[in-house]
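J.: To start, I am sharing the structure in question, which I have written as structure tokens.
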Amino acid sequence: MRILFVIDGLPGGGAEKVVLTLAEHFLIQGEQVSLFSLREVCDYPLPEGLDYQVIADHCNKPWRKLTELFRRAHQLDGAIEKAEQQGRFDLVLSNLHKTDRIVARSRILNGRNVWFCLHGVFSTSYLGHRTGFDRWMKQQKIKRVYQGRNVVTVSDAVGQDLVEQFALRPAQLKTIYNPFDIAAIRATANAPADIPPGDYIIHVGRFHPGKRHDRLIEAYAQSGILAPLVLLGQGKPEQEQRLRQLALQLQVSNRVLFKGFQKNPLPWIKHARMLTLSSDSEGFGNVIVEALLLNTPVASTRCPGGVTEILTGELSRGLADLNSSALAQTMQSIYHSPPTIDSAMLNKFSVESICQQYRQLRSV
């Protein structure tokens, strides 16, 4: 089978990691895989045997923004036409919204087996606090891209949000969870790392308003937990400065450790007493599955997205309402009385299982 992934670029994000994990394992399983990136940025190593192409846009005309989507769709069509001299793609997977807007305008892919892969909760990302006509306009823009299309969502919640908030009816709607190479994750977690001595709790994620580090630091201060809070991630300097100032105001600055971006956060997660998530929304929640695979318990906000689909059964004790007080209580509970993690229930997230579900899209 010939598979084509299309994505806006490969910076260090979760959707990008998902695409590369799938591509690598399809290659291992003997499939022919191409990945077309619409930008030159690539912060990840590429799997051996991958047909990787950058379709960069070098237009510098004053009207370039007005013509961008159709111009880039034409560029994509040219690359696909050339690539298909070696054989037609059986499955095309478009990832990230900007990519989707371009792929939706492709002429060569019209009527083909194309699936749009949604990695986040769209109402949170695109509607935000908009109201009235502005909100309606945003809903119409999303509708134009996905109405009547084949859509894959990384959680049931993402699909439900798309249908309910945008009054949208895809041609087909499938939920396929994100893939995890379980053996590789556990092996990589054994790598040496400059982790703090003793107990600590950890948060892994970029400094972005939606991740709500402010809520996390407030909850940590209220929890009374004395073990350090380690923050792995980076963002704009002014965002980090605001968080440092908040920790100082709450008198926990000596226990909130800013450790920056780590290429391999898995050893840090493995040795943590607990992982926390404080987001307003999470399309899926990759870091939660990684923590559970490494037997690290999780306390998280019960935010829109896939978190509640991961933290089920006894693990649902780790879910808190979307405020610092509730999160503080949940952190206390999980820290002092962690739930039992059943590793067998995590097999549904294995990359082998997920690849098979994507492979079945060929015949849907």
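How things are named: the first chain in the structure tokens is A, the next is B, and so on; residues count from 1 in each chain; ligands count from 1 in the order shown.
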Near region 77-80 of chain A, counting only C-alpha atoms, which residues have an atom at most 8 Å away, once you skip same-chain residues fewer than 4 positions from it, shown as a PDB file with C-alpha atoms, in the first residue's frame?

T.:
```pdb
ATOM      1  CA  ILE A  55       6.813  21.808  -0.689  1.00  0.00           C
ATOM      2  CA  ALA A  73      -2.917  23.524  -3.409  1.00  0.00           C
ATOM      3  CA  GLU A  84       2.376   9.130  -8.540  1.00  0.00           C
ATOM      4  CA  SER A 106      -6.524  20.031  -4.196  1.00  0.00           C
ATOM      5  CA  ARG A 107      -7.894  19.105  -7.615  1.00  0.00           C
ATOM      6  CA  ILE A 108      -5.894  15.924  -8.062  1.00  0.00           C
ATOM      7  CA  LEU A 109      -7.181  14.545  -4.723  1.00  0.00           C
TER       8      LEU A 109
END
```

J.: Just asking: which residues within region 3-116 of chain A are strand (DSSP E) according to DSSP, as a PyMOL selection string?

T.: chain A and resi 3-7+32-37+51-54+91-95+114-116

J.: Which residues, written as a ChimeraX atom specification, have at least one atom at most 12 Å from Gly224 (chain A), with only C-alpha atoms counted and residues fewer than 5 positions away on the same chain left out?

T.: /A:217-219,229,250-252,255,325,328-333,335-336

J.: Okay, now the selection with N, CA and C atoms, as a compact mmCIF listing (two decimals), in the first residue's frame?

T.:
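Result file result33.txt:
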```
# COMPACT_ATOMS: atom_id res chain seq x y z
N ILE A 217 0.28 26.10 38.92
CA ILE A 217 1.09 26.66 40.01
C ILE A 217 0.20 27.05 41.19
N GLU A 218 -0.98 27.61 40.91
CA GLU A 218 -1.91 27.92 41.99
C GLU A 218 -2.35 26.65 42.72
N ALA A 219 -2.67 25.59 41.97
CA ALA A 219 -3.09 24.33 42.58
C ALA A 219 -1.96 23.73 43.40
N LEU A 229 7.86 20.90 42.07
CA LEU A 229 7.09 20.82 40.83
C LEU A 229 8.04 21.15 39.68
N LEU A 250 3.13 33.40 45.21
CA LEU A 250 2.50 32.33 45.99
C LEU A 250 3.49 31.65 46.93
N GLN A 251 4.70 32.16 46.97
CA GLN A 251 5.74 31.69 47.91
C GLN A 251 6.12 30.22 47.68
N VAL A 252 6.14 29.82 46.40
CA VAL A 252 6.59 28.46 46.07
C VAL A 252 7.71 28.50 45.03
N ARG A 255 10.41 25.96 44.98
CA ARG A 255 10.04 24.56 44.72
C ARG A 255 9.48 24.35 43.32
N SER A 325 -8.57 24.99 42.84
CA SER A 325 -8.91 24.34 44.10
C SER A 325 -9.18 22.85 43.91
N ALA A 328 -5.99 21.04 43.05
CA ALA A 328 -5.15 20.88 44.25
C ALA A 328 -5.59 19.66 45.06
N GLN A 329 -6.90 19.49 45.24
CA GLN A 329 -7.41 18.35 46.00
C GLN A 329 -7.09 17.04 45.31
N THR A 330 -7.24 17.02 43.98
CA THR A 330 -6.94 15.80 43.22
C THR A 330 -5.45 15.48 43.27
N MET A 331 -4.61 16.50 43.17
CA MET A 331 -3.17 16.28 43.28
C MET A 331 -2.81 15.68 44.63
N GLN A 332 -3.41 16.21 45.69
CA GLN A 332 -3.19 15.65 47.03
C GLN A 332 -3.57 14.17 47.08
N SER A 333 -4.76 13.86 46.56
CA SER A 333 -5.27 12.49 46.62
C SER A 333 -4.37 11.53 45.87
N TYR A 335 -1.23 11.97 44.86
CA TYR A 335 0.14 11.97 45.40
C TYR A 335 0.24 11.04 46.61
N HIS A 336 -0.73 11.11 47.50
CA HIS A 336 -0.65 10.33 48.74
C HIS A 336 -1.26 8.94 48.61
```

J.: Using only C-alpha atoms, which protein or nucleic acid residues come within 12 Å of Leu38 (chain A)? Drop anything in the same chain fewer than 4 positions from it, and give the result as an MDAnalysis selection string.

T.: chainID A and resid 5:11 42 52:58 68:69 72:73 75:76 79 94:96 98:100 102:103

J.: So that I can see what lies close to Lys259 (chain A), please list as a PDB file with N, CA and C atoms, in the first residue's frame the residues with an atom at most 10 Å from it, counting only C-alpha atoms and leaving out residues fewer than 5 positions away in the same chain.

T.:
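File produced: selection21.pdb:
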```pdb
ATOM      1  N   ASP A 194      19.321  14.289  33.948  1.00  0.00           N
ATOM      2  CA  ASP A 194      19.675  15.108  35.113  1.00  0.00           C
ATOM      3  C   ASP A 194      18.429  15.402  35.938  1.00  0.00           C
ATOM      4  N   ILE A 195      17.822  14.325  36.451  1.00  0.00           N
ATOM      5  CA  ILE A 195      16.574  14.480  37.191  1.00  0.00           C
ATOM      6  C   ILE A 195      16.863  14.859  38.645  1.00  0.00           C
ATOM      7  N   VAL A 230       8.300  20.162  38.820  1.00  0.00           N
ATOM      8  CA  VAL A 230       9.217  20.321  37.687  1.00  0.00           C
ATOM      9  C   VAL A 230       8.408  20.642  36.439  1.00  0.00           C
ATOM     10  N   LEU A 231       8.766  21.729  35.767  1.00  0.00           N
ATOM     11  CA  LEU A 231       8.100  22.128  34.529  1.00  0.00           C
ATOM     12  C   LEU A 231       9.053  21.912  33.362  1.00  0.00           C
ATOM     13  N   LEU A 232       8.697  20.983  32.476  1.00  0.00           N
ATOM     14  CA  LEU A 232       9.479  20.749  31.265  1.00  0.00           C
ATOM     15  C   LEU A 232       8.746  21.392  30.095  1.00  0.00           C
ATOM     16  N   GLY A 233       9.367  22.358  29.467  1.00  0.00           N
ATOM     17  CA  GLY A 233       8.751  23.038  28.346  1.00  0.00           C
ATOM     18  C   GLY A 233       9.326  24.424  28.190  1.00  0.00           C
ATOM     19  N   GLN A 234       8.928  25.062  27.105  1.00  0.00           N
ATOM     20  CA  GLN A 234       9.402  26.414  26.856  1.00  0.00           C
ATOM     21  C   GLN A 234       8.329  27.178  26.096  1.00  0.00           C
TER      22      GLN A 234
END
```
